[in-house]
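Colleague: My structure is in coords_27.pdb, and what it holds is PDB, C-alpha atoms:
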```pdb
ATOM      1  CA  MET J   1      21.789  20.325 -31.973  1.00  0.00           C
ATOM      2  CA  VAL J   2      19.497  19.614 -29.005  1.00  0.00           C
ATOM      3  CA  LYS J   3      20.953  20.297 -25.555  1.00  0.00           C
ATOM      4  CA  LYS J   4      20.842  17.257 -23.281  1.00  0.00           C
ATOM      5  CA  LYS J   5      18.527  17.714 -20.292  1.00  0.00           C
ATOM      6  CA  SER J   6      20.059  17.951 -16.852  1.00  0.00           C
ATOM      7  CA  TRP J   7      18.970  15.461 -14.184  1.00  0.00           C
ATOM      8  CA  VAL J   8      17.030  18.229 -12.432  1.00  0.00           C
ATOM      9  CA  GLU J   9      15.219  19.021 -15.691  1.00  0.00           C
ATOM     10  CA  LYS J  10      14.384  15.322 -16.104  1.00  0.00           C
ATOM     11  CA  LEU J  11      13.099  15.230 -12.522  1.00  0.00           C
ATOM     12  CA  ASN J  12      10.815  18.209 -13.159  1.00  0.00           C
ATOM     13  CA  ASP J  13       9.474  16.875 -16.482  1.00  0.00           C
ATOM     14  CA  SER J  14       6.268  15.069 -15.533  1.00  0.00           C
ATOM     15  CA  LYS J  15       5.199  14.147 -19.097  1.00  0.00           C
ATOM     16  CA  ASP J  16       1.477  14.066 -18.149  1.00  0.00           C
ATOM     17  CA  LEU J  17       2.206  11.775 -15.217  1.00  0.00           C
ATOM     18  CA  PRO J  18       0.993  10.317 -12.948  1.00  0.00           C
ATOM     19  CA  LYS J  19      -1.561   8.258 -14.796  1.00  0.00           C
ATOM     20  CA  VAL J  20      -3.450   5.073 -14.088  1.00  0.00           C
ATOM     21  CA  VAL J  21      -3.849   2.600 -16.930  1.00  0.00           C
ATOM     22  CA  PRO J  22      -5.627  -0.752 -17.195  1.00  0.00           C
ATOM     23  CA  ILE J  23      -3.433  -3.823 -17.197  1.00  0.00           C
ATOM     24  CA  SER J  24      -3.954  -5.713 -20.417  1.00  0.00           C
ATOM     25  CA  GLY J  25      -2.329  -7.988 -22.953  1.00  0.00           C
ATOM     26  CA  LYS J  26       1.055  -9.389 -21.973  1.00  0.00           C
ATOM     27  CA  MET J  27       0.994  -7.479 -18.669  1.00  0.00           C
ATOM     28  CA  ILE J  28      -1.822  -9.683 -17.335  1.00  0.00           C
ATOM     29  CA  GLY J  29      -0.259 -12.267 -15.053  1.00  0.00           C
ATOM     30  CA  LYS J  30       2.938 -10.249 -14.692  1.00  0.00           C
ATOM     31  CA  TRP J  31       3.599  -8.971 -11.155  1.00  0.00           C
ATOM     32  CA  GLY J  32       0.658 -11.109  -9.934  1.00  0.00           C
ATOM     33  CA  THR J  33      -1.926  -9.097 -11.863  1.00  0.00           C
ATOM     34  CA  LYS J  34      -5.185 -10.183 -13.435  1.00  0.00           C
ATOM     35  CA  THR J  35      -7.804  -8.826 -15.830  1.00  0.00           C
ATOM     36  CA  GLY J  36      -9.372  -5.677 -14.433  1.00  0.00           C
ATOM     37  CA  ASP J  37      -6.297  -4.616 -12.476  1.00  0.00           C
ATOM     38  CA  THR J  38      -4.689  -1.209 -12.957  1.00  0.00           C
ATOM     39  CA  LEU J  39      -1.160   0.150 -12.923  1.00  0.00           C
ATOM     40  CA  VAL J  40      -0.107   3.655 -11.925  1.00  0.00           C
ATOM     41  CA  ILE J  41       2.815   5.272 -13.665  1.00  0.00           C
ATOM     42  CA  PRO J  42       4.011   7.814 -11.090  1.00  0.00           C
ATOM     43  CA  SER J  43       5.602  11.141 -11.879  1.00  0.00           C
ATOM     44  CA  PRO J  44       9.318  11.605 -11.210  1.00  0.00           C
ATOM     45  CA  LEU J  45       8.538  14.252  -8.568  1.00  0.00           C
ATOM     46  CA  GLU J  46       6.150  11.871  -6.808  1.00  0.00           C
ATOM     47  CA  VAL J  47       8.908   9.267  -6.408  1.00  0.00           C
ATOM     48  CA  ASP J  48      11.317  12.021  -5.341  1.00  0.00           C
ATOM     49  CA  SER J  49       8.837  13.261  -2.720  1.00  0.00           C
ATOM     50  CA  ILE J  50       8.549   9.809  -1.139  1.00  0.00           C
ATOM     51  CA  MET J  51      12.331   9.304  -1.125  1.00  0.00           C
ATOM     52  CA  ARG J  52      12.758  12.742   0.488  1.00  0.00           C
ATOM     53  CA  LYS J  53      10.624  11.733   3.502  1.00  0.00           C
ATOM     54  CA  VAL J  54      12.817   8.801   4.589  1.00  0.00           C
ATOM     55  CA  PRO J  55      14.437   9.959   7.844  1.00  0.00           C
ATOM     56  CA  TYR J  56      17.931   9.298   9.134  1.00  0.00           C
ATOM     57  CA  GLY J  57      18.184   5.710  10.426  1.00  0.00           C
ATOM     58  CA  LYS J  58      15.402   4.444   8.170  1.00  0.00           C
ATOM     59  CA  LEU J  59      15.276   2.814   4.726  1.00  0.00           C
ATOM     60  CA  ILE J  60      12.755   2.282   1.956  1.00  0.00           C
ATOM     61  CA  THR J  61      12.592  -0.078  -1.015  1.00  0.00           C
ATOM     62  CA  ILE J  62      11.414   0.530  -4.553  1.00  0.00           C
ATOM     63  CA  ASN J  63       8.554  -1.902  -3.859  1.00  0.00           C
ATOM     64  CA  ILE J  64       7.377   0.143  -0.880  1.00  0.00           C
ATOM     65  CA  ILE J  65       7.418   3.257  -3.075  1.00  0.00           C
ATOM     66  CA  ARG J  66       5.365   1.336  -5.655  1.00  0.00           C
ATOM     67  CA  LYS J  67       2.861   0.346  -2.964  1.00  0.00           C
ATOM     68  CA  ILE J  68       2.554   3.963  -1.758  1.00  0.00           C
ATOM     69  CA  VAL J  69       1.864   5.366  -5.234  1.00  0.00           C
ATOM     70  CA  ALA J  70      -0.601   2.557  -6.020  1.00  0.00           C
ATOM     71  CA  GLU J  71      -2.573   3.283  -2.837  1.00  0.00           C
ATOM     72  CA  LYS J  72      -2.472   7.033  -3.480  1.00  0.00           C
ATOM     73  CA  HIS J  73      -3.970   6.619  -6.950  1.00  0.00           C
ATOM     74  CA  GLY J  74      -6.299   3.693  -6.223  1.00  0.00           C
ATOM     75  CA  ALA J  75      -4.379   1.407  -8.588  1.00  0.00           C
ATOM     76  CA  THR J  76      -3.612  -2.279  -8.146  1.00  0.00           C
ATOM     77  CA  ILE J  77       0.141  -1.785  -8.499  1.00  0.00           C
ATOM     78  CA  GLY J  78       2.764   0.891  -9.075  1.00  0.00           C
ATOM     79  CA  CYS J  79       4.841   0.491 -12.214  1.00  0.00           C
ATOM     80  CA  PRO J  80       8.090  -1.311 -11.328  1.00  0.00           C
ATOM     81  CA  ILE J  81       9.973  -0.014 -14.354  1.00  0.00           C
ATOM     82  CA  THR J  82       9.214   3.701 -14.168  1.00  0.00           C
ATOM     83  CA  THR J  83       9.444   3.774 -10.365  1.00  0.00           C
ATOM     84  CA  GLY J  84      13.012   2.450 -10.593  1.00  0.00           C
ATOM     85  CA  ILE J  85      13.910   4.853 -13.392  1.00  0.00           C
ATOM     86  CA  PHE J  86      12.486   7.819 -11.488  1.00  0.00           C
ATOM     87  CA  ALA J  87      14.380   6.818  -8.317  1.00  0.00           C
ATOM     88  CA  LYS J  88      17.577   6.898 -10.398  1.00  0.00           C
ATOM     89  CA  ILE J  89      16.692  10.309 -11.868  1.00  0.00           C
ATOM     90  CA  SER J  90      15.980  11.597  -8.366  1.00  0.00           C
ATOM     91  CA  ALA J  91      19.341  10.318  -7.119  1.00  0.00           C
ATOM     92  CA  PHE J  92      21.299  11.912  -9.959  1.00  0.00           C
ATOM     93  CA  ALA J  93      19.335  15.181  -9.601  1.00  0.00           C
ATOM     94  CA  ALA J  94      20.299  15.208  -5.909  1.00  0.00           C
ATOM     95  CA  GLU J  95      23.973  14.813  -6.766  1.00  0.00           C
ATOM     96  CA  GLU J  96      23.667  17.511  -9.428  1.00  0.00           C
ATOM     97  CA  LYS J  97      22.236  19.835  -6.769  1.00  0.00           C
ATOM     98  CA  ARG J  98      25.013  18.896  -4.322  1.00  0.00           C
ATOM     99  CA  GLU J  99      27.618  19.776  -6.964  1.00  0.00           C
ATOM    100  CA  LYS J 100      26.014  23.223  -7.228  1.00  0.00           C
ATOM    101  CA  GLY J 101      26.376  23.748  -3.492  1.00  0.00           C
ATOM    102  CA  GLU J 102      22.914  22.739  -2.230  1.00  0.00           C
ATOM    103  CA  LYS J 103      23.031  21.161   1.202  1.00  0.00           C
ATOM    104  CA  ASN J 104      19.474  19.841   1.598  1.00  0.00           C
ATOM    105  CA  ILE J 105      19.403  17.082  -1.020  1.00  0.00           C
ATOM    106  CA  ILE J 106      17.222  14.008  -0.792  1.00  0.00           C
ATOM    107  CA  PRO J 107      18.802  11.019   0.969  1.00  0.00           C
ATOM    108  CA  TYR J 108      18.545   8.782  -2.089  1.00  0.00           C
ATOM    109  CA  TRP J 109      21.052   6.285  -0.640  1.00  0.00           C
ATOM    110  CA  ARG J 110      18.326   5.179   1.808  1.00  0.00           C
ATOM    111  CA  THR J 111      16.323   3.765  -1.118  1.00  0.00           C
ATOM    112  CA  LEU J 112      17.084   0.096  -1.750  1.00  0.00           C
ATOM    113  CA  LYS J 113      16.089  -2.494  -4.265  1.00  0.00           C
ATOM    114  CA  GLU J 114      13.957  -5.444  -3.171  1.00  0.00           C
ATOM    115  CA  GLY J 115      15.578  -7.607  -0.518  1.00  0.00           C
ATOM    116  CA  GLY J 116      17.638  -4.714   0.850  1.00  0.00           C
ATOM    117  CA  VAL J 117      19.982  -4.780  -2.152  1.00  0.00           C
ATOM    118  CA  LEU J 118      22.053  -1.689  -2.949  1.00  0.00           C
ATOM    119  CA  ASN J 119      21.377   0.014  -6.272  1.00  0.00           C
ATOM    120  CA  GLU J 120      24.245  -0.127  -8.766  1.00  0.00           C
ATOM    121  CA  LYS J 121      22.487   2.502 -10.916  1.00  0.00           C
ATOM    122  CA  PHE J 122      22.696   5.257  -8.301  1.00  0.00           C
ATOM    123  CA  PRO J 123      25.472   7.891  -8.513  1.00  0.00           C
ATOM    124  CA  GLY J 124      28.858   6.338  -7.771  1.00  0.00           C
ATOM    125  CA  GLY J 125      27.368   2.857  -7.969  1.00  0.00           C
ATOM    126  CA  VAL J 126      27.164   0.412  -5.094  1.00  0.00           C
ATOM    127  CA  GLU J 127      30.431   1.666  -3.563  1.00  0.00           C
ATOM    128  CA  ASN J 128      29.067   5.178  -3.039  1.00  0.00           C
ATOM    129  CA  GLN J 129      25.729   3.963  -1.658  1.00  0.00           C
ATOM    130  CA  LYS J 130      27.600   1.556   0.629  1.00  0.00           C
ATOM    131  CA  LYS J 131      29.805   4.390   1.939  1.00  0.00           C
ATOM    132  CA  LEU J 132      26.837   6.696   2.574  1.00  0.00           C
ATOM    133  CA  LEU J 133      24.828   3.976   4.336  1.00  0.00           C
ATOM    134  CA  GLU J 134      27.791   2.913   6.486  1.00  0.00           C
ATOM    135  CA  ARG J 135      28.272   6.561   7.458  1.00  0.00           C
ATOM    136  CA  GLU J 136      24.729   6.406   8.892  1.00  0.00           C
ATOM    137  CA  GLY J 137      25.535   3.232  10.842  1.00  0.00           C
ATOM    138  CA  PHE J 138      24.073   0.559   8.573  1.00  0.00           C
ATOM    139  CA  LYS J 139      25.977  -2.707   8.223  1.00  0.00           C
ATOM    140  CA  ILE J 140      26.465  -3.763   4.601  1.00  0.00           C
ATOM    141  CA  ILE J 141      27.015  -7.423   3.763  1.00  0.00           C
ATOM    142  CA  LYS J 142      27.912  -9.148   0.526  1.00  0.00           C
ATOM    143  CA  LYS J 143      25.551 -11.866  -0.711  1.00  0.00           C
ATOM    144  CA  GLY J 144      26.968 -13.493  -3.818  1.00  0.00           C
ATOM    145  CA  LYS J 145      27.744 -10.632  -6.185  1.00  0.00           C
ATOM    146  CA  LYS J 146      25.343  -8.188  -4.520  1.00  0.00           C
ATOM    147  CA  TYR J 147      25.612  -5.951  -1.499  1.00  0.00           C
ATOM    148  CA  LYS J 148      22.703  -5.505   0.871  1.00  0.00           C
ATOM    149  CA  VAL J 149      21.888  -3.880   4.179  1.00  0.00           C
ATOM    150  CA  ASP J 150      22.058  -6.447   6.955  1.00  0.00           C
ATOM    151  CA  ASN J 151      18.650  -6.859   8.641  1.00  0.00           C
ATOM    152  CA  TYR J 152      17.238  -4.078   6.439  1.00  0.00           C
ATOM    153  CA  GLU J 153      13.665  -5.076   7.401  1.00  0.00           C
ATOM    154  CA  LYS J 154      14.263  -3.608  10.889  1.00  0.00           C
ATOM    155  CA  TYR J 155      14.813  -0.172   9.390  1.00  0.00           C
ATOM    156  CA  LEU J 156      12.021   0.048   6.842  1.00  0.00           C
ATOM    157  CA  PHE J 157      10.087   3.311   6.854  1.00  0.00           C
ATOM    158  CA  GLU J 158       6.452   2.865   5.937  1.00  0.00           C
ATOM    159  CA  ASN J 159       4.761   5.639   7.934  1.00  0.00           C
ATOM    160  CA  PHE J 160       3.451   7.874   5.168  1.00  0.00           C
TER     161      PHE J 160
END
```
How does this structure look as structure tokens?

Modeller:
Amino acid sequence: MVKKKSWVEKLNDSKDLPKVVPISGKMIGKWGTKTGDTLVIPSPLEVDSIMRKVPYGKLITINIIRKIVAEKHGATIGCPITTGIFAKISAFAAEEKREKGEKNIIPYWRTLKEGGVLNEKFPGGVENQKKLLEREGFKIIKKGKKYKVDNYEKYLFENF
């Protein structure tokens, strides 16, 4: 029987990433892309590194992370699917480290979905992210069924 990988092991498993691939087939036209455009699939540690740099009082979105990795690798766009998955892995790895007594974990709760929306796939779901953000002074509002940081644009961290 194969032992299931821990979140930290998943975070450290780069699987030959990052890599830049041409956008082709059904991906053309998706995300505003055209023939000749490229997509970077970041590594989990790359996403983790960006999330780690977001200081107290600031926020970042998955789309900003995508933009950063695209610029770093000279690609048209950063992959929206893997970037989101790797943000989740990073968040769960941080909680795994916290459970083992580590104090200096990445502030994953400062990473939002587009539009300032809280991420239900992070550890403890929206309620935990809401609690951690409120602890840092952010006001959380409910919009329909989703929670978001009020005026999140004011707090975006883009100085990389």

Colleague: Work out how far apart atom CA of J:Trp31 and atom CA of J:Cys79 are and give it in Å to one decimal.

Modeller: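 Pair atom CA of J:Trp31 / atom CA of J:Cys79 returns 9.6 Å.
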
Colleague: Starting from the shown file, work through the PyMOL selection byres ((chain J and resi 48-63) around 8) and note down what comes out as a ChimeraX atom specification.

Modeller: /J:44-47,64-67,80,83-84,86-87,90,106-108,110-114,116,136-137,152,155-158

Colleague: Store the residues picked out above, limited to C-alpha atoms, as a compact mmCIF listing (two decimals), in the coordinates of the input.

Modeller:
```txt
# COMPACT_ATOMS: atom_id res chain seq x y z
CA PRO J 44 9.32 11.60 -11.21
CA LEU J 45 8.54 14.25 -8.57
CA GLU J 46 6.15 11.87 -6.81
CA VAL J 47 8.91 9.27 -6.41
CA ILE J 64 7.38 0.14 -0.88
CA ILE J 65 7.42 3.26 -3.08
CA ARG J 66 5.36 1.34 -5.66
CA LYS J 67 2.86 0.35 -2.96
CA PRO J 80 8.09 -1.31 -11.33
CA THR J 83 9.44 3.77 -10.36
CA GLY J 84 13.01 2.45 -10.59
CA PHE J 86 12.49 7.82 -11.49
CA ALA J 87 14.38 6.82 -8.32
CA SER J 90 15.98 11.60 -8.37
CA ILE J 106 17.22 14.01 -0.79
CA PRO J 107 18.80 11.02 0.97
CA TYR J 108 18.55 8.78 -2.09
CA ARG J 110 18.33 5.18 1.81
CA THR J 111 16.32 3.76 -1.12
CA LEU J 112 17.08 0.10 -1.75
CA LYS J 113 16.09 -2.49 -4.26
CA GLU J 114 13.96 -5.44 -3.17
CA GLY J 116 17.64 -4.71 0.85
CA GLU J 136 24.73 6.41 8.89
CA GLY J 137 25.54 3.23 10.84
CA TYR J 152 17.24 -4.08 6.44
CA TYR J 155 14.81 -0.17 9.39
CA LEU J 156 12.02 0.05 6.84
CA PHE J 157 10.09 3.31 6.85
CA GLU J 158 6.45 2.86 5.94
```

Colleague: Taking the file as shown, what set of residues would the PyMOL selection byres ((chain J and resi 38) around 7) give back, as a list in words?

Modeller: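 For this structure, the PyMOL selection byres ((chain J and resi 38) around 7) captures Val20, Val21, Pro22, Ile23, Gly36, Asp37, Leu39, Val40, Ala75, Thr76 and Ile77 of chain J.
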
Colleague: To verify the selection step, state as a PDB file with C-alpha atoms, in the frame of the given file which residues the PyMOL selection byres ((chain J and resi 129-131) around 9) yields on this input.

Modeller:
```pdb
ATOM      1  CA  TYR J 108      18.545   8.782  -2.089  1.00  0.00           C
ATOM      2  CA  TRP J 109      21.052   6.285  -0.640  1.00  0.00           C
ATOM      3  CA  ARG J 110      18.326   5.179   1.808  1.00  0.00           C
ATOM      4  CA  LEU J 118      22.053  -1.689  -2.949  1.00  0.00           C
ATOM      5  CA  ASN J 119      21.377   0.014  -6.272  1.00  0.00           C
ATOM      6  CA  GLU J 120      24.245  -0.127  -8.766  1.00  0.00           C
ATOM      7  CA  PHE J 122      22.696   5.257  -8.301  1.00  0.00           C
ATOM      8  CA  PRO J 123      25.472   7.891  -8.513  1.00  0.00           C
ATOM      9  CA  GLY J 124      28.858   6.338  -7.771  1.00  0.00           C
ATOM     10  CA  GLY J 125      27.368   2.857  -7.969  1.00  0.00           C
ATOM     11  CA  VAL J 126      27.164   0.412  -5.094  1.00  0.00           C
ATOM     12  CA  GLU J 127      30.431   1.666  -3.563  1.00  0.00           C
ATOM     13  CA  ASN J 128      29.067   5.178  -3.039  1.00  0.00           C
ATOM     14  CA  LEU J 132      26.837   6.696   2.574  1.00  0.00           C
ATOM     15  CA  LEU J 133      24.828   3.976   4.336  1.00  0.00           C
ATOM     16  CA  GLU J 134      27.791   2.913   6.486  1.00  0.00           C
ATOM     17  CA  ARG J 135      28.272   6.561   7.458  1.00  0.00           C
ATOM     18  CA  GLU J 136      24.729   6.406   8.892  1.00  0.00           C
ATOM     19  CA  PHE J 138      24.073   0.559   8.573  1.00  0.00           C
ATOM     20  CA  LYS J 139      25.977  -2.707   8.223  1.00  0.00           C
ATOM     21  CA  ILE J 140      26.465  -3.763   4.601  1.00  0.00           C
ATOM     22  CA  TYR J 147      25.612  -5.951  -1.499  1.00  0.00           C
ATOM     23  CA  LYS J 148      22.703  -5.505   0.871  1.00  0.00           C
ATOM     24  CA  VAL J 149      21.888  -3.880   4.179  1.00  0.00           C
TER      25      VAL J 149
END
```

Colleague: Pick out the residues sitting within 12 Å of J:Asp13, and hand them over as an MDAnalysis selection string; count all atoms listed in the file, and ignore anything fewer than 2 positions along from it in its own chain.

Modeller: chainID J and resid 5:11 15:18 42:46 86 89:90

Colleague: If you take every atom of stretch 20-35 of chain J that the file lists and fit an axis-aligned box around them with 3 Å extra on each side, what centre and edge lengths come out in Å to one decimal, as JSON?

Modeller:
```
{"center_x": -2.1, "center_y": -3.6, "center_z": -16.4, "size_x": 17.4, "size_y": 23.3, "size_z": 19.0}
```

Colleague: So the first atom is atom CA of J:Val69 and the second is atom CA of J:Lys4; what is the distance between them in Å, to one decimal place?

Modeller: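 Computed distance, atom CA of J:Val69 to atom CA of J:Lys4, equals 28.8 Å.
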
Colleague: Quick check, in Å to one decimal: how far apart do atom CA of J:Ile41 and atom CA of J:Ala93 lie?

Modeller: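 For atom CA of J:Ile41 relative to atom CA of J:Ala93, the distance reads 19.7 Å.
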
Colleague: List as a list in words the protein and nucleic acid residues near J:Ile105, meaning an atom at most 7 Å away when only C-alpha atoms are counted, but skip any in the same chain fewer than 5 places from it.

Modeller: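 Near J:Ile105, the qualifying residues are Ala94, Lys97 and Arg98 of chain J.
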
Colleague: From the set J:Ser14, J:Glu96, J:Lys88, J:Asn104, which residue has the shortest atom-to-atom contact distance to J:Lys121, counting all atoms listed in the file?

Modeller: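 The answer is J:Lys88, which sits nearest to J:Lys121.
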
Colleague: Taking only C-alpha atoms, show stretch 130-152 of chain J of the given structure as a CSV table (one decimal), in the first residue's frame.

Modeller:
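This is the output file result18.csv:
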```
chain,number,residue,atom,x,y,z
J,130,LYS,CA,-12.4,35.1,7.7
J,131,LYS,CA,-11.3,34.8,11.4
J,132,LEU,CA,-7.6,35.2,10.5
J,133,LEU,CA,-8.2,38.2,8.2
J,134,GLU,CA,-10.4,39.9,10.8
J,135,ARG,CA,-7.7,39.3,13.4
J,136,GLU,CA,-5.5,41.4,11.2
J,137,GLY,CA,-8.1,44.2,10.9
J,138,PHE,CA,-9.7,43.5,7.6
J,139,LYS,CA,-13.5,43.9,7.3
J,140,ILE,CA,-15.2,40.9,5.7
J,141,ILE,CA,-18.6,41.4,4.0
J,142,LYS,CA,-21.0,38.9,2.6
J,143,LYS,CA,-22.0,39.3,-1.1
J,144,GLY,CA,-24.6,36.8,-2.0
J,145,LYS,CA,-23.3,33.4,-0.9
J,146,LYS,CA,-19.6,34.6,-0.9
J,147,TYR,CA,-17.5,36.4,1.6
J,148,LYS,CA,-15.0,39.0,0.5
J,149,VAL,CA,-12.7,41.6,2.0
J,150,ASP,CA,-14.3,45.0,1.9
J,151,ASN,CA,-12.3,47.4,-0.3
J,152,TYR,CA,-9.6,44.7,-0.8
```
